[in-house]
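Read the structure below first, then the notes.
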Amino acid sequence: WVKGSAALNTVEYFEICKRHLKPGGVMSLWIPLYESTFASAKSIIATFFEVFPDGMIFSNDELFTGYDAVLIGRAGPTRIDLDRIRSILDRSDYAPVRQSLADVGFGMSEKGDGSAGLNIAVDLFSTYAGKAPDLRIWAWNAQINRDRNLRLQYLAGMGLNSDISTAILDSILSYYRFPDELFLGSPQAIRLLKIRLQNGGRISGP
């Protein structure tokens, strides 16, 4: 609703960003779920997924209360190798990264074989909330934000002082399925991620 912001969340702007990605490059977009409505949340998420059809959404919550989310998009399909990330995070030169993630609560729980890298990787990716193909039905009536209409600028203004972020996140999570095609790793790593998603992530299914 801030003048000009909606223009940075249009199909056309996202297409420009996508064209500038190098091979393996990633675009991320923070979006607030607080002071939002279903219409505004669907608009920005569906608009992003219009350009990144294999895009993903990750969320954070505080004591099971929805707060905000991050959209991730790449020019091509994404595969996340938990074991590779684990091996990188366990390296001595990545100690500052481990500490930075620990400072915000990742890797604090005990699980796995005691590997700090595995604990952090599992915690980090347990924020996974969904993927574009799985959310098509959820977003079927979304108003796509384009340069010629800037619908988000008007929809977002209707969400001021609203307090339904948890309901929005819960509605997204209701379409959750574990993305076997997205996460790679040892059976142990995959099993731990599934458990973490079910417990800490408020996901009820496998």
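Chain labels follow the order of the structure tokens: the first chain is A, the next B, and so on; residue numbering restarts at 1 in every chain, and ligands are counted from 1 in their shown order.
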
Give the alpha helix (DSSP H) residues of stretch 1-190 of chain A, as assigned by DSSP on the backbone, as an MDAnalysis selection string. chainID A and resid 11:19 38:51 82:89 95:103 116:125 151:157 165:173 187:190

Long-range neighbours of A:Leu118 as a PDB file with N, CA and C atoms, in the first residue's frame, 12 Å cut-off, only C-alpha atoms, 3 positions minimum in chain:
ATOM      1  N   ASP A  81      20.164 -30.512  -1.542  1.00  0.00           N
ATOM      2  CA  ASP A  81      20.901 -31.670  -1.049  1.00  0.00           C
ATOM      3  C   ASP A  81      21.275 -31.437   0.408  1.00  0.00           C
ATOM      4  N   LEU A  82      20.543 -32.071   1.319  1.00  0.00           N
ATOM      5  CA  LEU A  82      20.764 -31.870   2.748  1.00  0.00           C
ATOM      6  C   LEU A  82      22.152 -32.327   3.180  1.00  0.00           C
ATOM      7  N   ASP A  83      22.643 -33.409   2.602  1.00  0.00           N
ATOM      8  CA  ASP A  83      23.960 -33.909   2.987  1.00  0.00           C
ATOM      9  C   ASP A  83      25.072 -32.974   2.530  1.00  0.00           C
ATOM     10  N   ARG A  84      24.909 -32.378   1.349  1.00  0.00           N
ATOM     11  CA  ARG A  84      25.920 -31.428   0.867  1.00  0.00           C
ATOM     12  C   ARG A  84      25.929 -30.185   1.760  1.00  0.00           C
ATOM     13  N   ILE A  85      24.744 -29.703   2.112  1.00  0.00           N
ATOM     14  CA  ILE A  85      24.662 -28.535   2.989  1.00  0.00           C
ATOM     15  C   ILE A  85      25.254 -28.867   4.354  1.00  0.00           C
ATOM     16  N   ARG A  86      24.958 -30.069   4.828  1.00  0.00           N
ATOM     17  CA  ARG A  86      25.517 -30.512   6.108  1.00  0.00           C
ATOM     18  C   ARG A  86      27.042 -30.487   6.073  1.00  0.00           C
ATOM     19  N   SER A  87      27.638 -31.033   4.995  1.00  0.00           N
ATOM     20  CA  SER A  87      29.098 -31.095   4.921  1.00  0.00           C
ATOM     21  C   SER A  87      29.720 -29.706   4.868  1.00  0.00           C
ATOM     22  N   ILE A  88      29.028 -28.778   4.219  1.00  0.00           N
ATOM     23  CA  ILE A  88      29.537 -27.399   4.154  1.00  0.00           C
ATOM     24  C   ILE A  88      29.457 -26.736   5.524  1.00  0.00           C
ATOM     25  N   LEU A  89      28.320 -26.907   6.185  1.00  0.00           N
ATOM     26  CA  LEU A  89      28.130 -26.259   7.480  1.00  0.00           C
ATOM     27  C   LEU A  89      29.038 -26.844   8.563  1.00  0.00           C
ATOM     28  N   ASP A  90      29.482 -28.076   8.377  1.00  0.00           N
ATOM     29  CA  ASP A  90      30.375 -28.696   9.357  1.00  0.00           C
ATOM     30  C   ASP A  90      31.835 -28.266   9.183  1.00  0.00           C
ATOM     31  N   ARG A  91      32.134 -27.556   8.110  1.00  0.00           N
ATOM     32  CA  ARG A  91      33.502 -27.110   7.889  1.00  0.00           C
ATOM     33  C   ARG A  91      33.894 -26.013   8.871  1.00  0.00           C
ATOM     34  N   ARG A  98      27.487 -21.000  11.075  1.00  0.00           N
ATOM     35  CA  ARG A  98      26.784 -21.812  12.078  1.00  0.00           C
ATOM     36  C   ARG A  98      26.364 -20.946  13.256  1.00  0.00           C
ATOM     37  N   PHE A 106      18.399 -21.669  14.817  1.00  0.00           N
ATOM     38  CA  PHE A 106      18.528 -22.854  13.981  1.00  0.00           C
ATOM     39  C   PHE A 106      19.628 -23.763  14.522  1.00  0.00           C
ATOM     40  N   GLY A 107      19.312 -25.064  14.604  1.00  0.00           N
ATOM     41  CA  GLY A 107      20.293 -26.040  15.052  1.00  0.00           C
ATOM     42  C   GLY A 107      20.403 -26.174  16.546  1.00  0.00           C
ATOM     43  N   MET A 108      19.431 -25.633  17.281  1.00  0.00           N
ATOM     44  CA  MET A 108      19.508 -25.667  18.737  1.00  0.00           C
ATOM     45  C   MET A 108      18.958 -26.955  19.322  1.00  0.00           C
ATOM     46  N   SER A 109      18.112 -27.646  18.564  1.00  0.00           N
ATOM     47  CA  SER A 109      17.520 -28.881  19.084  1.00  0.00           C
ATOM     48  C   SER A 109      18.460 -30.050  18.836  1.00  0.00           C
ATOM     49  N   GLU A 110      18.370 -31.070  19.691  1.00  0.00           N
ATOM     50  CA  GLU A 110      19.226 -32.244  19.568  1.00  0.00           C
ATOM     51  C   GLU A 110      18.545 -33.282  18.685  1.00  0.00           C
ATOM     52  N   LYS A 111      19.253 -33.734  17.667  1.00  0.00           N
ATOM     53  CA  LYS A 111      18.711 -34.766  16.796  1.00  0.00           C
ATOM     54  C   LYS A 111      19.832 -35.325  15.944  1.00  0.00           C
ATOM     55  N   GLY A 112      19.559 -36.408  15.270  1.00  0.00           N
ATOM     56  CA  GLY A 112      20.536 -36.942  14.347  1.00  0.00           C
ATOM     57  C   GLY A 112      21.740 -37.537  15.048  1.00  0.00           C
ATOM     58  N   ASP A 113      22.904 -37.423  14.408  1.00  0.00           N
ATOM     59  CA  ASP A 113      24.114 -38.025  14.942  1.00  0.00           C
ATOM     60  C   ASP A 113      24.983 -37.015  15.675  1.00  0.00           C
ATOM     61  N   GLY A 114      24.420 -35.874  16.030  1.00  0.00           N
ATOM     62  CA  GLY A 114      25.180 -34.865  16.738  1.00  0.00           C
ATOM     63  C   GLY A 114      25.877 -33.875  15.833  1.00  0.00           C
ATOM     64  N   SER A 115      25.752 -34.048  14.510  1.00  0.00           N
ATOM     65  CA  SER A 115      26.365 -33.131  13.567  1.00  0.00           C
ATOM     66  C   SER A 115      25.674 -31.775  13.629  1.00  0.00           C
ATOM     67  N   ALA A 121      20.789 -27.715   9.100  1.00  0.00           N
ATOM     68  CA  ALA A 121      20.135 -27.912   7.804  1.00  0.00           C
ATOM     69  C   ALA A 121      18.688 -28.364   7.982  1.00  0.00           C
ATOM     70  N   VAL A 122      18.467 -29.313   8.890  1.00  0.00           N
ATOM     71  CA  VAL A 122      17.112 -29.812   9.133  1.00  0.00           C
ATOM     72  C   VAL A 122      16.231 -28.703   9.696  1.00  0.00           C
ATOM     73  N   ASP A 123      16.735 -27.951  10.666  1.00  0.00           N
ATOM     74  CA  ASP A 123      15.956 -26.854  11.238  1.00  0.00           C
ATOM     75  C   ASP A 123      15.649 -25.792  10.187  1.00  0.00           C
ATOM     76  N   LEU A 124      16.657 -25.446   9.391  1.00  0.00           N
ATOM     77  CA  LEU A 124      16.487 -24.390   8.397  1.00  0.00           C
ATOM     78  C   LEU A 124      15.413 -24.749   7.383  1.00  0.00           C
ATOM     79  N   PHE A 125      15.468 -25.972   6.877  1.00  0.00           N
ATOM     80  CA  PHE A 125      14.522 -26.348   5.828  1.00  0.00           C
ATOM     81  C   PHE A 125      13.201 -26.877   6.374  1.00  0.00           C
ATOM     82  N   SER A 126      13.085 -26.972   7.697  1.00  0.00           N
ATOM     83  CA  SER A 126      11.778 -27.293   8.276  1.00  0.00           C
ATOM     84  C   SER A 126      10.850 -26.079   8.229  1.00  0.00           C
ATOM     85  N   GLY A 185      19.097 -36.439  -0.062  1.00  0.00           N
ATOM     86  CA  GLY A 185      19.890 -36.691   1.135  1.00  0.00           C
ATOM     87  C   GLY A 185      19.799 -38.132   1.572  1.00  0.00           C
ATOM     88  N   SER A 186      20.556 -38.450   2.599  1.00  0.00           N
ATOM     89  CA  SER A 186      20.534 -39.795   3.160  1.00  0.00           C
ATOM     90  C   SER A 186      19.158 -40.078   3.751  1.00  0.00           C
ATOM     91  N   GLN A 188      18.482 -40.961   6.664  1.00  0.00           N
ATOM     92  CA  GLN A 188      18.438 -40.341   7.986  1.00  0.00           C
ATOM     93  C   GLN A 188      18.078 -38.866   7.890  1.00  0.00           C
ATOM     94  N   ALA A 189      18.721 -38.142   6.975  1.00  0.00           N
ATOM     95  CA  ALA A 189      18.466 -36.716   6.844  1.00  0.00           C
ATOM     96  C   ALA A 189      17.027 -36.443   6.416  1.00  0.00           C
ATOM     97  N   ILE A 190      16.533 -37.222   5.441  1.00  0.00           N
ATOM     98  CA  ILE A 190      15.156 -37.042   4.968  1.00  0.00           C
ATOM     99  C   ILE A 190      14.159 -37.367   6.076  1.00  0.00           C
ATOM    100  N   ARG A 191      14.433 -38.453   6.820  1.00  0.00           N
ATOM    101  CA  ARG A 191      13.533 -38.833   7.913  1.00  0.00           C
ATOM    102  C   ARG A 191      13.469 -37.734   8.976  1.00  0.00           C
ATOM    103  N   LEU A 192      14.620 -37.174   9.321  1.00  0.00           N
ATOM    104  CA  LEU A 192      14.648 -36.120  10.332  1.00  0.00           C
ATOM    105  C   LEU A 192      13.909 -34.876   9.861  1.00  0.00           C
ATOM    106  N   LEU A 193      14.061 -34.545   8.585  1.00  0.00           N
ATOM    107  CA  LEU A 193      13.360 -33.377   8.055  1.00  0.00           C
ATOM    108  C   LEU A 193      11.853 -33.591   8.088  1.00  0.00           C
TER     109      LEU A 193
END

If you run DSSP over the backbone, which residues in stretch 85-146 of chain A end up strand (DSSP E or B)? Put them as a PyMOL selection string. chain A and resi 128-131

Rank A:Asp163, A:Arg74, A:Ala102, A:Ala132 by their smallest atom-to-atom distance to A:Lys18, using only C-alpha atoms, and report the top residue only.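 Residue with the minimum atom-to-atom distance to A:Lys18: A:Arg74.
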
Mind checking which residues fall within 10 Å of A:Thr78, counting only C-alpha atoms, ignoring those fewer than 2 positions away in the same chain, and posting them as an NGL selection string? :A and (24 or 26 or 54-56 or 72-76 or 80-81 or 181-183)

Keeping N, CA and C atoms, export the residues of the selection given above as a compact mmCIF listing (two decimals), in the first residue's frame.
# COMPACT_ATOMS: atom_id res chain seq x y z
N GLY A 24 22.07 -21.16 -11.84
CA GLY A 24 22.10 -21.49 -10.42
C GLY A 24 21.67 -20.35 -9.52
N VAL A 26 19.43 -17.45 -7.61
CA VAL A 26 18.19 -17.55 -6.84
C VAL A 26 17.63 -16.16 -6.59
N ASP A 54 8.10 -23.11 -10.44
CA ASP A 54 8.60 -24.11 -9.50
C ASP A 54 9.02 -23.45 -8.19
N GLY A 55 8.53 -22.24 -7.95
CA GLY A 55 8.91 -21.49 -6.76
C GLY A 55 8.45 -22.16 -5.48
N MET A 56 9.05 -21.72 -4.37
CA MET A 56 8.75 -22.29 -3.06
C MET A 56 8.43 -21.17 -2.08
N ILE A 72 10.98 -18.16 -2.80
CA ILE A 72 12.24 -18.49 -3.45
C ILE A 72 11.95 -18.94 -4.88
N GLY A 73 12.67 -18.36 -5.84
CA GLY A 73 12.48 -18.74 -7.23
C GLY A 73 13.81 -18.91 -7.95
N ARG A 74 13.85 -19.83 -8.89
CA ARG A 74 15.02 -20.04 -9.74
C ARG A 74 14.57 -20.15 -11.18
N ALA A 75 15.52 -19.99 -12.08
CA ALA A 75 15.18 -20.07 -13.50
C ALA A 75 14.82 -21.50 -13.89
N GLY A 76 15.34 -22.48 -13.15
CA GLY A 76 15.05 -23.88 -13.44
C GLY A 76 14.66 -24.62 -12.19
N ILE A 80 17.53 -29.56 -3.35
CA ILE A 80 18.23 -29.18 -2.13
C ILE A 80 18.84 -30.44 -1.53
N ASP A 81 20.16 -30.51 -1.54
CA ASP A 81 20.90 -31.67 -1.05
C ASP A 81 21.27 -31.44 0.41
N GLU A 181 10.65 -34.66 -4.67
CA GLU A 181 11.46 -34.25 -5.82
C GLU A 181 12.35 -33.06 -5.50
N LEU A 182 12.16 -32.43 -4.35
CA LEU A 182 12.92 -31.23 -3.99
C LEU A 182 14.12 -31.54 -3.11
N PHE A 183 13.90 -32.36 -2.07
CA PHE A 183 14.96 -32.62 -1.10
C PHE A 183 15.69 -33.92 -1.41

Mind running stretch 55-81 of chain A against stretch 166-180 of chain A at 12 Å and telling me each contacting residue's nearest atom pair with the distance in Å (one decimal), counting only C-alpha atoms, chain and number ascending, as JSON lines?
{"residue": "A:Met56", "atom": "CA", "partner": "A:Pro179", "partner_atom": "CA", "distance": 10.4}
{"residue": "A:Ile57", "atom": "CA", "partner": "A:Ile172", "partner_atom": "CA", "distance": 9.3}
{"residue": "A:Phe58", "atom": "CA", "partner": "A:Leu169", "partner_atom": "CA", "distance": 10.2}
{"residue": "A:Ser59", "atom": "CA", "partner": "A:Leu169", "partner_atom": "CA", "distance": 8.0}
{"residue": "A:Asn60", "atom": "CA", "partner": "A:Leu169", "partner_atom": "CA", "distance": 9.5}
{"residue": "A:Asp61", "atom": "CA", "partner": "A:Thr166", "partner_atom": "CA", "distance": 8.4}
{"residue": "A:Glu62", "atom": "CA", "partner": "A:Thr166", "partner_atom": "CA", "distance": 10.0}
{"residue": "A:Leu63", "atom": "CA", "partner": "A:Thr166", "partner_atom": "CA", "distance": 10.5}
{"residue": "A:Phe64", "atom": "CA", "partner": "A:Thr166", "partner_atom": "CA", "distance": 7.7}
{"residue": "A:Thr65", "atom": "CA", "partner": "A:Thr166", "partner_atom": "CA", "distance": 5.2}
{"residue": "A:Gly66", "atom": "CA", "partner": "A:Thr166", "partner_atom": "CA", "distance": 4.0}
{"residue": "A:Tyr67", "atom": "CA", "partner": "A:Thr166", "partner_atom": "CA", "distance": 7.0}
{"residue": "A:Asp68", "atom": "CA", "partner": "A:Leu169", "partner_atom": "CA", "distance": 8.6}
{"residue": "A:Ala69", "atom": "CA", "partner": "A:Leu169", "partner_atom": "CA", "distance": 8.9}
{"residue": "A:Thr78", "atom": "CA", "partner": "A:Pro179", "partner_atom": "CA", "distance": 11.0}
{"residue": "A:Arg79", "atom": "CA", "partner": "A:Asp180", "partner_atom": "CA", "distance": 9.7}
{"residue": "A:Ile80", "atom": "CA", "partner": "A:Asp180", "partner_atom": "CA", "distance": 10.4}
{"residue": "A:Asp81", "atom": "CA", "partner": "A:Asp180", "partner_atom": "CA", "distance": 11.5}
